[in-house]
Amino acid sequence: MAEAKFSQPISTTEVEHAVQNATAAIQAGNVDAANDIARAATDAGAEHPFLLKVQALWHHDHGRYQDALRGFHHARTLTPQDTSILNGIAACLSAMGQHAAALKMADASLDVDPDAFFTHYLRGWILEAAGDYRGARQAYERTIAAEPRHVQALAGLASASVRLDDFAAARTYAQKALALAPTQHTAILALAMAELGQDAPAAAESQMRGLLDANTALPPRVQAIANGVLGDALDAQDRIDDAFAAYARENEILRSMHAHLESVTGRGPDELNLLASALEALPEWDRPIATDNPTGPKTHIFLLGFPRSGTTLLEQVLACHPDLVDLEELDLFGDTAQTWLENQQAVSRLREATGADLSEAREHYWRAIGERNLDVAGKILLDKQPFNTAKLPLIARLFPDAKIIFAHRDPRDVVLSAYRRHFETAAITYGLLTLDGAANLYDAMMRVGAASRKKLPLAFHEHKYEAMIEDFDVQIKAVCAFCGIEQNDAMHDFAKNAAKRDIASISAPQVRRGLYSEAVGQWRRYAKQMQPVMPVLEPWVKAFQYPKD
């Protein structure tokens with residue numbers, strides 16, 4: 001298509017022609033051409049909501065969510081009640097991880113048109129991304145009730161059902177979607193994961209190879225997921241070399257998709273090692289006077305360590321106690337940690353900071369609790385976020401009476417699992433996409449943990465995953481005593497309780513299985529692949545008293 005040209009300023013007639021031509025391009029499936037027309041028209045001064053939506057859609061499809069959001073917001077100023085614009089904003093917010101804000105926008109769209117089946121589908125997509133799989137399933141069911149042949153909603157039902165371990169339902173919904181659209185990749189992925197959940201790894205392998213071989217134009221994210229599921233299918237068949245190659249392909253695709261994160265500063269190994277060095281160089285910290293919070297918890301507990309160290313398993317056990325409120329991996333510190341921990345000078349200032357200096361940061365934390373409508377007054381508050389190990393100095397100053405449960409698991413199993421499992425890619429998890437990166441991040445995080453244990457005036461309890469697998473009652477009794485609660489019978493049925501909850505962590509499927517020993521020593525099967533990172537991990541293997549071989 002020839003490049004669109006318009007007069008300066010553009011005339012009303014030309015705007016109408018631009019809308020018609022862009023519409024024709026969209027209907028023909030040529031979003032690039034539609035975007036070229038829309039951009040040329042708006043550059044010439046056109047202020048038309050459809051042309052702005054076309055450009056925003058193009059930005060969204062190319063992962064440029066901030067640009068897309070600006071375009072949708074601009075279009076909304078012209079037509080505030082346009083549900084397609086409200087839905088576009090919601091989709092962008094969810095893609096950026098702002099799921100709560102996305103849901104509010106989708107609900108605003110439903111206020112305009114309560115029966116819009118696409119908006120109910122979008123709500124399901126957002127809820128699934130947020131880890132609310134039951135809510136997602138309900139939204140997808142609303143979509144199907146209005147539009148029984150909605151392929152994406154059927155596929156969404158299959159995907160959400162897999163996350164809830166309802167493999168029979170996942171298979172049924174996936175097959176319905178595939179009957180309507182045989183190449184629908186979400187349904188194919190869900191079907192393969194259902195096969196894995198029902199101990200049919202060869203069938204799952206066949207599904208993934210068919211998907212990857214038949215669809216050379218698959219979106220990169222789908223390619224990554226498919227290779228990860230293929231790796232799991234091969235691992236279940238003890239084809240270790242092939243499985244590791246599939247995981248490597250998955251992670252390489254994700255690295256390419258998120259290459260911009262490589263330069264993002266934050267809690268990577270370099271920053272964590274600087275933080276550890278700063279802690280090691282400073283004298284022991286004095287214990288400040290705790291700040292009274294009449295609406296706060298009776299006991300404030302942070303469950304820390306490193307992802308894949310058994311933190312979710314322990315969290316779900318403790319969540320069976322009626323007096324405990326569980327936060328489930330929320331980051332409530334925001335940019336506060338970066339301000340106080342960015343360099344050695346900042347850490348020194350934090351050590352000397354008074355209550356007044358830290359009041360804003362403390363209030364930010366409690367305000368975030370309040371915004372989630374969590375009633376923590378007089379309760380035991382469990383804040384489980386393994387990456388908050390990097391924020392231990394800040395925790396010590398903000399909440400000096402807090403208790404720290406530090407979870408350990410064999411470092412070799414932790415790093416292998418973090419590399420193999422499918423985290424959402426963000427600045428902090430980007431390093432897990434290579435085995436070297438995962439090992440170095442683990443090493444740096446453990447340095448911060450060790451220095452914090454030595455220098456910070458906090459109560460610590462060391463909890464070992466393997467010891468809990470070996471003797472559940474003894475280990476949970478010790479944890480409960482540290483938390484100041486009584487062990488109850490419901491804790492033995494944590495897997496049944498977990499099956500009723502939406503667990504945001506990627507460890508949810510393992511937790512719902514209950515206690516099992518197969519995860520102990522998994523690294524031995526991958527000993528050849530793990531060999532390059534063993535020198536980084538061996539000091540921690542020794543420090544945490546795991547056998548060398």
# chains A, B, ... in the order shown; residues from 1 in each chain; ligands from 1
call {"tool": "residues_around", "arguments": {"residues": "Ile126 (chain A)", "least_positions_apart": "4", "cutoff": "7 Å", "atoms": "only C-alpha atoms", "output": "JSON, numbers by chain"}}
result
{"A": [94, 99, 103, 122, 130]}
call {"tool": "select_by_dssp", "arguments": {"residues": "region 151-239 of chain A", "states": "alpha helix (DSSP H)", "output": "PyMOL selection string"}}
result
chain A and resi 151-163+167-180+185-197+201-214+220-236
call {"tool": "closest_atom_pairs", "arguments": {"of": "region 438-459 of chain A", "to": "region 532-545 of chain A", "cutoff": "12 Å", "atoms": "only C-alpha atoms", "output": "JSON lines"}}
result
{"residue": "A:Ala438", "atom": "CA", "partner": "A:Val533", "partner_atom": "CA", "distance": 9.2}
{"residue": "A:Ala439", "atom": "CA", "partner": "A:Val533", "partner_atom": "CA", "distance": 6.4}
{"residue": "A:Asn440", "atom": "CA", "partner": "A:Val536", "partner_atom": "CA", "distance": 7.0}
{"residue": "A:Leu441", "atom": "CA", "partner": "A:Val536", "partner_atom": "CA", "distance": 10.2}
{"residue": "A:Tyr442", "atom": "CA", "partner": "A:Leu537", "partner_atom": "CA", "distance": 8.3}
{"residue": "A:Asp443", "atom": "CA", "partner": "A:Val536", "partner_atom": "CA", "distance": 6.9}
{"residue": "A:Ala444", "atom": "CA", "partner": "A:Val536", "partner_atom": "CA", "distance": 10.0}
{"residue": "A:Met445", "atom": "CA", "partner": "A:Trp540", "partner_atom": "CA", "distance": 11.2}
{"residue": "A:Met446", "atom": "CA", "partner": "A:Trp540", "partner_atom": "CA", "distance": 8.0}
{"residue": "A:Arg447", "atom": "CA", "partner": "A:Trp540", "partner_atom": "CA", "distance": 9.5}
{"residue": "A:Gly449", "atom": "CA", "partner": "A:Trp540", "partner_atom": "CA", "distance": 11.6}
{"residue": "A:Ala450", "atom": "CA", "partner": "A:Ala543", "partner_atom": "CA", "distance": 10.0}
call {"tool": "write_last_selection", "arguments": {"atoms": "N, CA, C and O atoms", "output": "tab-separated table (two decimals), in the first residue's frame"}}
result
chain	number	residue	atom	x	y	z
A	438	ALA	N	21.11	-17.58	37.41
A	438	ALA	CA	20.37	-18.08	38.57
A	438	ALA	C	21.32	-18.38	39.73
A	438	ALA	O	21.03	-18.04	40.89
A	439	ALA	N	22.46	-19.00	39.43
A	439	ALA	CA	23.42	-19.32	40.48
A	439	ALA	C	24.01	-18.05	41.10
A	439	ALA	O	24.16	-17.96	42.33
A	440	ASN	N	24.33	-17.09	40.28
A	440	ASN	CA	24.92	-15.85	40.80
A	440	ASN	C	23.91	-15.04	41.61
A	440	ASN	O	24.27	-14.41	42.61
A	441	LEU	N	22.65	-15.05	41.17
A	441	LEU	CA	21.62	-14.35	41.94
A	441	LEU	C	21.41	-15.03	43.29
A	441	LEU	O	21.28	-14.36	44.33
A	442	TYR	N	21.39	-16.35	43.28
A	442	TYR	CA	21.26	-17.10	44.53
A	442	TYR	C	22.42	-16.79	45.47
A	442	TYR	O	22.21	-16.50	46.66
A	443	ASP	N	23.61	-16.85	44.95
A	443	ASP	CA	24.81	-16.58	45.75
A	443	ASP	C	24.74	-15.20	46.39
A	443	ASP	O	24.98	-15.03	47.59
A	444	ALA	N	24.39	-14.19	45.60
A	444	ALA	CA	24.32	-12.82	46.11
A	444	ALA	C	23.20	-12.68	47.15
A	444	ALA	O	23.38	-12.01	48.18
A	445	MET	N	22.06	-13.30	46.89
A	445	MET	CA	20.94	-13.21	47.84
A	445	MET	C	21.30	-13.87	49.16
A	445	MET	O	20.97	-13.37	50.24
A	446	MET	N	21.98	-15.01	49.09
A	446	MET	CA	22.38	-15.68	50.32
A	446	MET	C	23.44	-14.88	51.08
A	446	MET	O	23.48	-14.92	52.31
A	447	ARG	N	24.29	-14.16	50.38
A	447	ARG	CA	25.25	-13.28	51.06
A	447	ARG	C	24.50	-12.21	51.86
A	447	ARG	O	24.87	-11.92	53.00
A	449	GLY	N	21.47	-12.50	53.02
A	449	GLY	CA	20.83	-13.20	54.13
A	449	GLY	C	21.80	-13.49	55.26
A	449	GLY	O	21.49	-13.29	56.44
A	450	ALA	N	23.01	-13.96	54.91
A	450	ALA	CA	24.00	-14.28	55.93
A	450	ALA	C	24.48	-13.04	56.67
A	450	ALA	O	24.61	-13.04	57.90
call {"tool": "residues_around", "arguments": {"residues": "region 38-42 of chain A", "least_positions_apart": "6", "cutoff": "8 Å", "atoms": "only C-alpha atoms", "output": "list in words"}}
result
Ala4, Lys5, Phe6, Ile10, Val15, Ala18, Val19, Ala22, His48, Leu51, Leu52, Val54 and Gln55 of chain A
call {"tool": "select_by_dssp", "arguments": {"residues": "region 106-351 of chain A", "states": "strand (DSSP E)", "output": "list in words"}}
result
Thr299, His300, Ile301, Phe302, Leu303, Leu304, Leu324, Val325 and Asp326 of chain A
call {"tool": "closest_residue", "arguments": {"among": "A:Phe423, A:Gly296, A:Ile428, A:Cys320", "to": "Ile369 (chain A)", "atoms": "only C-alpha atoms"}}
result
A:Gly296
call {"tool": "residues_around", "arguments": {"residues": "region 142-153 of chain A", "least_positions_apart": "3", "cutoff": "6 Å", "atoms": "only C-alpha atoms", "output": "compact mmCIF listing (two decimals) with all heavy atoms, in the first residue's frame"}}
result
# COMPACT_ATOMS: atom_id res chain seq x y z
N PHE A 117 -19.95 -9.56 25.86
CA PHE A 117 -19.26 -10.82 26.13
C PHE A 117 -17.75 -10.69 26.02
O PHE A 117 -17.01 -11.36 26.73
CB PHE A 117 -19.78 -11.94 25.21
CG PHE A 117 -19.50 -11.74 23.75
CD1 PHE A 117 -18.28 -12.09 23.20
CD2 PHE A 117 -20.47 -11.21 22.90
CE1 PHE A 117 -18.02 -11.93 21.85
CE2 PHE A 117 -20.23 -11.04 21.56
CZ PHE A 117 -18.99 -11.39 21.02
N HIS A 120 -16.39 -9.54 29.33
CA HIS A 120 -16.33 -10.65 30.30
C HIS A 120 -15.14 -11.55 29.99
O HIS A 120 -14.47 -12.03 30.93
CB HIS A 120 -17.64 -11.44 30.27
CG HIS A 120 -18.78 -10.73 30.92
ND1 HIS A 120 -18.83 -10.50 32.28
CD2 HIS A 120 -19.91 -10.16 30.39
CE1 HIS A 120 -19.94 -9.84 32.57
NE2 HIS A 120 -20.61 -9.62 31.45
N TYR A 121 -14.87 -11.77 28.72
CA TYR A 121 -13.67 -12.55 28.36
C TYR A 121 -12.41 -11.84 28.83
O TYR A 121 -11.50 -12.46 29.40
CB TYR A 121 -13.60 -12.78 26.84
CG TYR A 121 -12.25 -13.27 26.41
CD1 TYR A 121 -11.84 -14.57 26.68
CD2 TYR A 121 -11.36 -12.41 25.76
CE1 TYR A 121 -10.57 -15.01 26.32
CE2 TYR A 121 -10.09 -12.85 25.40
CZ TYR A 121 -9.71 -14.15 25.68
OH TYR A 121 -8.45 -14.57 25.34
N ALA A 139 -15.61 -15.77 34.81
CA ALA A 139 -15.72 -14.75 33.75
C ALA A 139 -15.78 -15.41 32.37
O ALA A 139 -16.56 -14.99 31.50
CB ALA A 139 -14.54 -13.79 33.83
N GLY A 156 -9.54 -20.35 27.30
CA GLY A 156 -9.27 -19.79 28.61
C GLY A 156 -9.80 -20.68 29.73
O GLY A 156 -9.15 -20.85 30.77
N ALA A 177 -12.65 -26.13 22.08
CA ALA A 177 -12.00 -25.01 21.38
C ALA A 177 -11.34 -25.49 20.10
O ALA A 177 -11.44 -24.85 19.05
CB ALA A 177 -10.98 -24.35 22.30
call {"tool": "residues_around", "arguments": {"residues": "Arg249 (chain A)", "least_positions_apart": "6", "cutoff": "12 Å", "atoms": "only C-alpha atoms", "output": "PyMOL selection string"}}
result
chain A and resi 212+220-221+223-231+242-243+255-256+419-420+433-434
call {"tool": "write_last_selection", "arguments": {"atoms": "N, CA and C atoms", "output": "PDB file, in the first residue's frame"}}
result
ATOM      1  N   LEU A 212       4.795 -26.772  17.812  1.00  0.00           N
ATOM      2  CA  LEU A 212       6.011 -26.058  17.418  1.00  0.00           C
ATOM      3  C   LEU A 212       6.360 -26.318  15.951  1.00  0.00           C
ATOM      4  N   PRO A 220       6.323 -15.257  20.026  1.00  0.00           N
ATOM      5  CA  PRO A 220       7.455 -15.701  20.851  1.00  0.00           C
ATOM      6  C   PRO A 220       7.041 -16.223  22.226  1.00  0.00           C
ATOM      7  N   ARG A 221       6.088 -15.554  22.872  1.00  0.00           N
ATOM      8  CA  ARG A 221       5.677 -16.000  24.204  1.00  0.00           C
ATOM      9  C   ARG A 221       5.116 -17.421  24.153  1.00  0.00           C
ATOM     10  N   GLN A 223       5.863 -19.705  21.863  1.00  0.00           N
ATOM     11  CA  GLN A 223       7.014 -20.579  21.628  1.00  0.00           C
ATOM     12  C   GLN A 223       7.733 -20.902  22.934  1.00  0.00           C
ATOM     13  N   ALA A 224       7.901 -19.884  23.777  1.00  0.00           N
ATOM     14  CA  ALA A 224       8.596 -20.089  25.048  1.00  0.00           C
ATOM     15  C   ALA A 224       7.819 -21.057  25.936  1.00  0.00           C
ATOM     16  N   ILE A 225       6.520 -20.822  26.084  1.00  0.00           N
ATOM     17  CA  ILE A 225       5.707 -21.698  26.933  1.00  0.00           C
ATOM     18  C   ILE A 225       5.719 -23.127  26.395  1.00  0.00           C
ATOM     19  N   ALA A 226       5.593 -23.262  25.083  1.00  0.00           N
ATOM     20  CA  ALA A 226       5.564 -24.598  24.479  1.00  0.00           C
ATOM     21  C   ALA A 226       6.871 -25.343  24.735  1.00  0.00           C
ATOM     22  N   ASN A 227       7.998 -24.653  24.634  1.00  0.00           N
ATOM     23  CA  ASN A 227       9.278 -25.309  24.917  1.00  0.00           C
ATOM     24  C   ASN A 227       9.395 -25.681  26.386  1.00  0.00           C
ATOM     25  N   GLY A 228       8.838 -24.846  27.281  1.00  0.00           N
ATOM     26  CA  GLY A 228       8.859 -25.186  28.698  1.00  0.00           C
ATOM     27  C   GLY A 228       8.028 -26.415  28.998  1.00  0.00           C
ATOM     28  N   VAL A 229       6.839 -26.503  28.415  1.00  0.00           N
ATOM     29  CA  VAL A 229       5.985 -27.680  28.614  1.00  0.00           C
ATOM     30  C   VAL A 229       6.631 -28.910  27.987  1.00  0.00           C
ATOM     31  N   LEU A 230       7.254 -28.727  26.829  1.00  0.00           N
ATOM     32  CA  LEU A 230       7.987 -29.838  26.207  1.00  0.00           C
ATOM     33  C   LEU A 230       9.104 -30.321  27.128  1.00  0.00           C
ATOM     34  N   GLY A 231       9.822 -29.372  27.750  1.00  0.00           N
ATOM     35  CA  GLY A 231      10.865 -29.762  28.691  1.00  0.00           C
ATOM     36  C   GLY A 231      10.312 -30.585  29.836  1.00  0.00           C
ATOM     37  N   ASP A 242      17.596 -33.929  26.484  1.00  0.00           N
ATOM     38  CA  ASP A 242      16.587 -33.294  25.631  1.00  0.00           C
ATOM     39  C   ASP A 242      15.745 -32.294  26.432  1.00  0.00           C
ATOM     40  N   ALA A 243      15.411 -32.658  27.673  1.00  0.00           N
ATOM     41  CA  ALA A 243      14.620 -31.756  28.515  1.00  0.00           C
ATOM     42  C   ALA A 243      15.385 -30.467  28.771  1.00  0.00           C
ATOM     43  N   ARG A 255      14.628 -14.427  27.073  1.00  0.00           N
ATOM     44  CA  ARG A 255      15.705 -13.429  27.165  1.00  0.00           C
ATOM     45  C   ARG A 255      15.642 -12.459  25.992  1.00  0.00           C
ATOM     46  N   SER A 256      15.369 -12.989  24.815  1.00  0.00           N
ATOM     47  CA  SER A 256      15.267 -12.136  23.631  1.00  0.00           C
ATOM     48  C   SER A 256      14.064 -11.205  23.731  1.00  0.00           C
ATOM     49  N   TYR A 419      15.678 -22.216  37.395  1.00  0.00           N
ATOM     50  CA  TYR A 419      15.988 -22.145  35.964  1.00  0.00           C
ATOM     51  C   TYR A 419      14.929 -22.863  35.124  1.00  0.00           C
ATOM     52  N   ARG A 420      14.417 -23.976  35.640  1.00  0.00           N
ATOM     53  CA  ARG A 420      13.475 -24.785  34.867  1.00  0.00           C
ATOM     54  C   ARG A 420      12.046 -24.275  34.925  1.00  0.00           C
ATOM     55  N   LEU A 433      17.009 -16.708  33.842  1.00  0.00           N
ATOM     56  CA  LEU A 433      16.875 -17.280  32.498  1.00  0.00           C
ATOM     57  C   LEU A 433      18.154 -17.910  31.976  1.00  0.00           C
ATOM     58  N   THR A 434      19.239 -17.813  32.735  1.00  0.00           N
ATOM     59  CA  THR A 434      20.441 -18.597  32.450  1.00  0.00           C
ATOM     60  C   THR A 434      20.842 -19.299  33.735  1.00  0.00           C
TER      61      THR A 434
END
call {"tool": "closest_residue", "arguments": {"among": "A:His408, A:Lys104, A:His260, A:Arg372", "to": "Met468 (chain A)", "atoms": "only C-alpha atoms"}}
result
A:His408
